Amino acid sequence: MRFALNDDQLAFRDAVRDLLANEPNDKRATWDALVDMGVISVLVPEGDGGLGLDEVTLVPVLEQTGYAALAFPVVETAMVAAPLGLADAGAVVALADGQLVAWADRANVVLGCDGREIPLDLLSPVEAVDPSRPVHRLGRPAPPADDDVFDRAALGTAAQLVGLGQAMLDLTVGYVKERRQFGVPVGSFQAVKHPLANGLKELSFARPAVYRAAYSVATADPRATRDVSMAKAMASDAASFVARVALQCHGAIGYTVEYDLHVWLKRTWTLSRAWGDSSWHRDRVARLLGL
């Protein structure tokens, strides 16, 4: 099996990357542009007005939404609600992860983790680590999670975490090339180069695991749940590792809200715990392997 993206998948990914790089991601116009490109309907059958493609095509696109720290529920809408037919075409969907619901204020449909609609009056806002990803709390016991809903959300989140990690790595490499100490760029010091190289290694191992999980879901592989958990665990750890390195290499400026790094840091901290953290998913893999 040739385990690589084809030319059409690469072109689609790159087109989305270029769009997100040139559009302010806090504007509804960006969401509308993604809808027009077919991103939200990638997994919807052609007969229903979608592109009729699969998760192998969508996951690299979701990686780019992580790279841009897109401030909309694209995973919840494109990866979960659209292919499962849980919302009308064109709806912006928020999805409950247990008791918490991200993006509820930006969605016109809110679903529980069982795929059923939640009335908006059952939600109350709570303070979030990532203010660009507003969170509400469900005012009743969380319904049991549907496995398909959960796995799809975890896979899409893993893809975004890889994108977040790559963005922080690129931002940090650019910074250490420019920041100078003792007359030379700080990026020339081994204490900076080695952690960055390790961050690249972590992402290089996590990305294929995420793509493998996308293939497993797309082909209804009976091992898909295991592969999704492996992907989420590795992506959570890789992005969290790069976040620590990025913060360390930036020094005090990395803590300030005036510098853009905080957007990717806070999104990483929240998504690494969303839909199961790395420890939970490793335990799940162990159970599935009978260990």
# chains A, B, ... in the order shown; residues from 1 in each chain; ligands from 1
>>> residues_around(residues="Tyr67 of chain A", least_positions_apart="2", cutoff="8 Å", atoms="only C-alpha atoms", output="ChimeraX atom specification")
/A:63-65,69-70,160,162-167
>>> atom_distance(atom1="atom CA of Ala233 of chain A", atom2="atom CA of Ala158 of chain A")
8.1 Å
>>> closest_residue(among="A:Arg133, A:Arg287, A:His281, A:Lys201", to="Leu169 of chain A", atoms="only C-alpha atoms")
A:Lys201
>>> select_by_dssp(residues="segment 18-89 of chain A", states="alpha helix (DSSP H)", output="PyMOL selection string")
chain A and resi 18-22+28-37+55-67+74+82-84
>>> write_last_selection(atoms="C-alpha atoms", output="PDB file, in the first residue's frame")
ATOM      1  CA  ASP A  18      -3.453  29.585   1.572  1.00  0.00           C
ATOM      2  CA  LEU A  19      -7.009  30.689   2.360  1.00  0.00           C
ATOM      3  CA  LEU A  20      -6.433  30.595   6.110  1.00  0.00           C
ATOM      4  CA  ALA A  21      -3.098  32.393   5.791  1.00  0.00           C
ATOM      5  CA  ASN A  22      -4.714  35.302   3.964  1.00  0.00           C
ATOM      6  CA  ARG A  28     -17.474  34.795   9.571  1.00  0.00           C
ATOM      7  CA  ALA A  29     -16.247  35.392   6.007  1.00  0.00           C
ATOM      8  CA  THR A  30     -13.558  32.775   6.574  1.00  0.00           C
ATOM      9  CA  TRP A  31     -16.160  30.170   7.525  1.00  0.00           C
ATOM     10  CA  ASP A  32     -18.234  31.074   4.471  1.00  0.00           C
ATOM     11  CA  ALA A  33     -15.152  30.693   2.287  1.00  0.00           C
ATOM     12  CA  LEU A  34     -14.508  27.221   3.722  1.00  0.00           C
ATOM     13  CA  VAL A  35     -18.114  26.295   2.990  1.00  0.00           C
ATOM     14  CA  ASP A  36     -17.739  27.545  -0.589  1.00  0.00           C
ATOM     15  CA  MET A  37     -14.558  25.474  -1.014  1.00  0.00           C
ATOM     16  CA  GLU A  55     -11.347  11.212   5.981  1.00  0.00           C
ATOM     17  CA  VAL A  56      -7.941  10.816   4.326  1.00  0.00           C
ATOM     18  CA  THR A  57      -8.754  13.978   2.369  1.00  0.00           C
ATOM     19  CA  LEU A  58     -10.273  15.889   5.296  1.00  0.00           C
ATOM     20  CA  VAL A  59      -7.667  15.214   7.982  1.00  0.00           C
ATOM     21  CA  PRO A  60      -4.803  17.143   6.275  1.00  0.00           C
ATOM     22  CA  VAL A  61      -7.230  20.037   5.848  1.00  0.00           C
ATOM     23  CA  LEU A  62      -8.096  19.941   9.548  1.00  0.00           C
ATOM     24  CA  GLU A  63      -4.378  19.975  10.270  1.00  0.00           C
ATOM     25  CA  GLN A  64      -4.230  23.315   8.465  1.00  0.00           C
ATOM     26  CA  THR A  65      -7.107  24.678  10.551  1.00  0.00           C
ATOM     27  CA  GLY A  66      -5.014  23.828  13.596  1.00  0.00           C
ATOM     28  CA  TYR A  67      -1.991  25.530  12.045  1.00  0.00           C
ATOM     29  CA  VAL A  74     -14.779  22.946  11.971  1.00  0.00           C
ATOM     30  CA  ALA A  82     -21.885  16.406   8.404  1.00  0.00           C
ATOM     31  CA  PRO A  83     -20.979  12.763   7.640  1.00  0.00           C
ATOM     32  CA  LEU A  84     -23.279  11.387  10.337  1.00  0.00           C
TER      33      LEU A  84
END
>>> residues_around(residues="segment 104-106 of chain A", least_positions_apart="2", cutoff="12 Å", atoms="only C-alpha atoms", output="PyMOL selection string")
chain A and resi 26-28+31+71-74+76-77+91-97+100-102+108-112+117-126+132-138
>>> write_last_selection(atoms="C-alpha atoms", output="JSON list (two decimals), in the first residue's frame")
[["chain", "number", "residue", "atom", "x", "y", "z"],
["A", 26, "ASP", "CA", -12.07, 35.55, 13.52],
["A", 27, "LYS", "CA", -14.37, 36.64, 10.69],
["A", 28, "ARG", "CA", -17.47, 34.79, 9.57],
["A", 31, "TRP", "CA", -16.16, 30.17, 7.52],
["A", 71, "ALA", "CA", -11.67, 30.05, 15.74],
["A", 72, "PHE", "CA", -14.66, 28.01, 14.55],
["A", 73, "PRO", "CA", -15.98, 24.46, 15.23],
["A", 74, "VAL", "CA", -14.78, 22.95, 11.97],
["A", 76, "GLU", "CA", -17.41, 19.29, 15.08],
["A", 77, "THR", "CA", -19.19, 20.30, 11.88],
["A", 91, "ALA", "CA", -25.36, 24.41, 10.02],
["A", 92, "VAL", "CA", -22.49, 25.39, 12.31],
["A", 93, "VAL", "CA", -22.35, 22.67, 14.95],
["A", 94, "ALA", "CA", -21.00, 22.69, 18.50],
["A", 95, "LEU", "CA", -20.46, 19.37, 20.22],
["A", 96, "ALA", "CA", -20.45, 18.46, 23.91],
["A", 97, "ASP", "CA", -17.32, 16.76, 25.24],
["A", 100, "LEU", "CA", -18.40, 21.04, 28.34],
["A", 101, "VAL", "CA", -19.38, 22.50, 24.97],
["A", 102, "ALA", "CA", -16.92, 24.59, 22.98],
["A", 108, "ASN", "CA", -26.70, 27.32, 15.52],
["A", 109, "VAL", "CA", -26.88, 23.63, 16.51],
["A", 110, "VAL", "CA", -25.49, 22.16, 19.74],
["A", 111, "LEU", "CA", -25.23, 18.37, 20.03],
["A", 112, "GLY", "CA", -24.51, 16.12, 22.97],
["A", 117, "GLU", "CA", -29.52, 18.13, 20.02],
["A", 118, "ILE", "CA", -29.14, 20.12, 23.25],
["A", 119, "PRO", "CA", -31.43, 23.10, 23.97],
["A", 120, "LEU", "CA", -29.41, 26.29, 24.30],
["A", 121, "ASP", "CA", -31.09, 27.18, 27.60],
["A", 122, "LEU", "CA", -29.29, 24.23, 29.22],
["A", 123, "LEU", "CA", -25.91, 25.86, 28.64],
["A", 124, "SER", "CA", -24.11, 28.40, 30.79],
["A", 125, "PRO", "CA", -20.78, 30.10, 29.97],
["A", 126, "VAL", "CA", -17.65, 29.23, 31.97],
["A", 132, "SER", "CA", -10.71, 32.36, 21.52],
["A", 133, "ARG", "CA", -12.45, 29.01, 22.09],
["A", 134, "PRO", "CA", -15.37, 29.93, 24.36],
["A", 135, "VAL", "CA", -16.80, 27.14, 26.48],
["A", 136, "HIS", "CA", -20.23, 26.51, 28.02],
["A", 137, "ARG", "CA", -21.25, 23.94, 30.61],
["A", 138, "LEU", "CA", -24.14, 21.54, 30.15]]
>>> residues_around(residues="Leu289 of chain A", least_positions_apart="6", cutoff="12 Å", atoms="only C-alpha atoms", output="PyMOL selection string")
chain A and resi 223+225-227+229-230+282-283
>>> residues_around(residues="Val245 of chain A", least_positions_apart="2", cutoff="9 Å", atoms="only C-alpha atoms", output="list in words")
Leu169, Thr172, Val192, Pro195, Leu196, Gly199, Ser240, Phe241, Val242, Ala243, Leu247, Gln248, Cys249 and His250 of chain A
>>> closest_residue(among="A:Ala68, A:Asn6, A:Val176, A:Leu203", to="Ala191 of chain A", atoms="only C-alpha atoms")
A:Val176
>>> closest_residue(among="A:Ser272, A:Lys232, A:Tyr175, A:Ile40", to="Val285 of chain A", atoms="only C-alpha atoms")
A:Lys232
>>> residues_around(residues="Val186 of chain A", least_positions_apart="4", cutoff="7 Å", atoms="only C-alpha atoms", output="list of chain:residue names")
A:Val176, A:Lys177, A:Arg179, A:Arg180, A:Gln181
>>> write_last_selection(atoms="C-alpha atoms", output="short mmCIF file (atom, residue, chain, number, x, y, z; two decimals), in the first residue's frame")
data_model
loop_
_atom_site.label_atom_id
_atom_site.label_comp_id
_atom_site.auth_asym_id
_atom_site.auth_seq_id
_atom_site.Cartn_x
_atom_site.Cartn_y
_atom_site.Cartn_z
CA VAL A 176 15.44 32.13 17.33
CA LYS A 177 16.93 32.97 13.93
CA ARG A 179 16.88 36.90 18.40
CA ARG A 180 20.56 37.51 19.12
CA GLN A 181 22.75 37.05 22.20
#
>>> closest_residue(among="A:Gly115, A:Gly156, A:Gly90, A:Gly183", to="Pro143 of chain A", atoms="only C-alpha atoms")
A:Gly115
>>> closest_residue(among="A:Ser236, A:Ser279, A:Gln9, A:Thr270", to="Leu161 of chain A", atoms="only C-alpha atoms")
A:Ser236
>>> atom_distance(atom1="atom CA of Gly38 of chain A", atom2="atom CA of Leu51 of chain A")
6.7 Å
>>> atom_distance(atom1="atom CA of Ala11 of chain A", atom2="atom CA of Trp275 of chain A")
29.4 Å
>>> closest_residue(among="A:Ala246, A:Ala235, A:Ala87, A:Ser204", to="Val173 of chain A", atoms="only C-alpha atoms")
A:Ala246
>>> select_by_dssp(residues="segment 16-240 of chain A", states="strand (DSSP E)", output="ChimeraX atom specification")
/A:93-97,100-102,109-111,123-126,135-138,180-181,184-185
